[in-house]
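Read the structure below first, then the notes.
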Amino acid sequence: AMTIATGSLRRKAQWLNMYAQHHVVDLRGNVNTRLSKLHSNKDWNAAIFAKAGLDRIGLLSQLRSNYGFEYSDLDSFVPAPAQGAMMIAAMGHNTAVLEAVSQLNHAQTQRCVDIERRFLRELEGGCTAPIGAIAQVRDNKIDFTGCLLSIDGTERIDVKDQINLTETDVDLGLAFAKAQSEKVFAKGGKAMMETIKASLTS
């Protein structure tokens, strides 16, 4: 069986859901540290990284030349809710700053991120449970994909739906996200979340 390294419970669960016979080990540190650990550990067959993160710091194109690594896209993986989104926090009474940053805000991205985060919040998943969610604008609709997995990857619940972007205000978007979480619960997600919480706190 292959040995795969990752520091993410979500990635571990999704990998084991596809390849139950593999062994997944923990991998911590910043990107350069993790790449160095992968390079030096001859018992590991591969590691899972966020492609956007590697590309952002200019390492994606250097994997082959610097480390002799090849990479493959994992298009079937559902990312963490709000992964890759950037935000600016400001005091609520500072209207000048709020007005300035509002000019930078991309409304469609915010709508998608709000849906993803509400889905996570409704599942009460925090930042450690194996929960994936992505909302994307396509042809005036928001396509949503969400998933909840058991920590060992043996169980997986998926939801897919879409909502009309042009008719969606913030409240409707949040209600849509809540409805997706309720679909997960209806498929056995409530019991799965209780098991996950118990295992993470024990």
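Within each chain, counting starts at residue 1; across the structure tokens, chains are named A, B, ... in the order shown, with ligands numbered 1 upward in that order.
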
Select from region 117-149 of chain A every residue with an atom at most 10 Å from any atom of region 9-25 of chain A, then for each give the shortest pair of atoms and their distance in Å to one decimal, using only C-alpha atoms, rows by chain and rising number, as a Markdown table.
| residue | atom | partner | partner_atom | distance |
| --- | --- | --- | --- | --- |
| A:Cys127 | CA | A:Arg10 | CA | 9.7 |
| A:Thr128 | CA | A:Leu9 | CA | 6.7 |
| A:Ala129 | CA | A:Arg10 | CA | 6.8 |
| A:Pro130 | CA | A:Arg10 | CA | 3.9 |
| A:Ile131 | CA | A:Arg10 | CA | 6.1 |
| A:Gly132 | CA | A:Arg10 | CA | 7.2 |
| A:Cys147 | CA | A:Gln14 | CA | 9.6 |
| A:Leu148 | CA | A:Arg10 | CA | 8.7 |
| A:Leu149 | CA | A:Ala13 | CA | 6.3 |

Can you tell me, as a PDB file with N, CA, C and O atoms, in the first residue's frame, what residues are no more than 6 Å from region 174-191 of chain A when counting only C-alpha atoms, ignoring any on the same chain fewer than 4 positions away?
ATOM      1  N   ILE A 115     -21.993  31.515   1.592  1.00  0.00           N
ATOM      2  CA  ILE A 115     -22.725  30.239   1.506  1.00  0.00           C
ATOM      3  C   ILE A 115     -21.875  29.098   2.052  1.00  0.00           C
ATOM      4  O   ILE A 115     -22.349  28.264   2.834  1.00  0.00           O
ATOM      5  N   ARG A 118     -21.570  29.405   5.874  1.00  0.00           N
ATOM      6  CA  ARG A 118     -22.836  29.090   6.555  1.00  0.00           C
ATOM      7  C   ARG A 118     -23.064  27.574   6.578  1.00  0.00           C
ATOM      8  O   ARG A 118     -23.527  27.018   7.578  1.00  0.00           O
ATOM      9  N   PHE A 119     -22.749  26.907   5.478  1.00  0.00           N
ATOM     10  CA  PHE A 119     -22.848  25.446   5.413  1.00  0.00           C
ATOM     11  C   PHE A 119     -21.994  24.823   6.511  1.00  0.00           C
ATOM     12  O   PHE A 119     -22.451  23.945   7.256  1.00  0.00           O
TER      13      PHE A 119
END

Can you list every residue of region 80-105 of chain A that has an atom at most 12 Å from region 45-61 of chain A, with its nearest atom pair and the distance in Å to one decimal, using only C-alpha atoms, ordered by chain then number, as CSV?
residue,atom,partner,partner_atom,distance
A:Ala80,CA,A:Ala50,CA,10.5
A:Gln83,CA,A:Ala50,CA,9.5
A:Gly84,CA,A:Ala52,CA,7.8
A:Ala85,CA,A:Ala52,CA,11.2

I need the residues from that last selection saved to file as a PDB file, in the first residue's frame (with C-alpha atoms), if you can.
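As a result, again-v8.pdb now contains:
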ATOM      1  CA  ALA A  80     -12.361  23.553   2.588  1.00  0.00           C
ATOM      2  CA  GLN A  83     -10.356  28.214   1.072  1.00  0.00           C
ATOM      3  CA  GLY A  84      -8.382  30.766  -0.900  1.00  0.00           C
ATOM      4  CA  ALA A  85     -10.647  33.699  -0.059  1.00  0.00           C
TER       5      ALA A  85
END

Hey, which of A:Val97, A:Leu165, A:Ile151, A:Leu27 ends up closest to Leu200 (chain A)? Count only C-alpha atoms.
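Ranking A:Val97, A:Leu165, A:Ile151, A:Leu27 by distance to Leu200 (chain A), first place goes to A:Ile151.
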
Counting only C-alpha atoms, figure out which residue out of A:Val113, A:Ala198, A:Ile157, A:Ile88 gets nearest to Val101 (chain A).
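For Val101 (chain A), the nearest of the candidates is A:Ile88.
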
Can you pull out every residue from region 74-197 of chain A that DSSP, working from the backbone, puts in alpha helix (DSSP H), and format the result as a VMD selection string?
chain A and resid 95 to 102 107 to 123 170 to 184 190 to 197

In Å, with one decimal, what is the gap from CA of Arg156 (chain A) to CA of Arg121 (chain A)?
18.4 Å

Quick one: of A:Thr6, A:Ser102, A:Gln136, A:Ser76, who's nearest to Leu38 (chain A), counting only C-alpha atoms?
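Of A:Thr6, A:Ser102, A:Gln136, A:Ser76, the one nearest Leu38 (chain A), counting only C-alpha atoms, is A:Thr6.
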
In Å, rounded to a single decimal, give me how far CA of Leu35 (chain A) is from CA of Leu63 (chain A).
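Atom-to-atom, CA of Leu63 (chain A) and CA of Leu35 (chain A) are spaced 9.0 Å apart.
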
Write out as a VMD selection string which residues come within 10 Å of Arg111 (chain A) when counting only C-alpha atoms, dropping same-chain ones fewer than 6 positions away.
chain A and resid 135 to 137 142 165 168 to 170 173 to 174

As a PyMOL selection string, which residues of chain A does DSSP assign to strand (DSSP E or B)?
chain A and resi 3-5+23-25+46-47+131-138+141-149+156-164

Print the selection's residues with C-alpha atoms to a file, as a compact mmCIF listing (two decimals), in the first residue's frame.
# COMPACT_ATOMS: atom_id res chain seq x y z
CA THR A 3 1.93 6.04 2.03
CA ILE A 4 0.50 9.53 1.50
CA ALA A 5 1.33 12.55 3.67
CA HIS A 23 -1.72 4.64 4.66
CA VAL A 24 -2.01 8.37 5.36
CA VAL A 25 0.56 10.01 7.66
CA ALA A 46 3.38 11.35 -2.20
CA ALA A 47 1.99 14.33 -0.30
CA ILE A 131 -16.05 19.03 5.60
CA GLY A 132 -15.71 20.36 2.07
CA ALA A 133 -17.72 23.07 0.37
CA ILE A 134 -17.42 25.13 -2.77
CA ALA A 135 -19.84 27.59 -4.33
CA GLN A 136 -19.06 28.85 -7.84
CA VAL A 137 -20.81 31.31 -10.11
CA ARG A 138 -21.64 29.81 -13.50
CA LYS A 141 -26.26 30.62 -11.07
CA ILE A 142 -24.35 29.62 -7.98
CA ASP A 143 -23.39 25.94 -8.16
CA PHE A 144 -22.82 24.42 -4.73
CA THR A 145 -21.03 21.20 -3.80
CA GLY A 146 -20.64 20.11 -0.20
CA CYS A 147 -19.46 16.96 1.54
CA LEU A 148 -19.02 15.48 4.99
CA LEU A 149 -16.80 12.47 5.58
CA ARG A 156 -19.15 10.13 2.74
CA ILE A 157 -22.23 12.30 2.29
CA ASP A 158 -22.43 14.60 -0.75
CA VAL A 159 -24.85 17.36 -1.67
CA LYS A 160 -25.10 19.29 -4.93
CA ASP A 161 -27.50 22.07 -5.80
CA GLN A 162 -27.71 25.47 -7.43
CA ILE A 163 -29.46 28.77 -6.86
CA ASN A 164 -30.18 31.62 -9.24
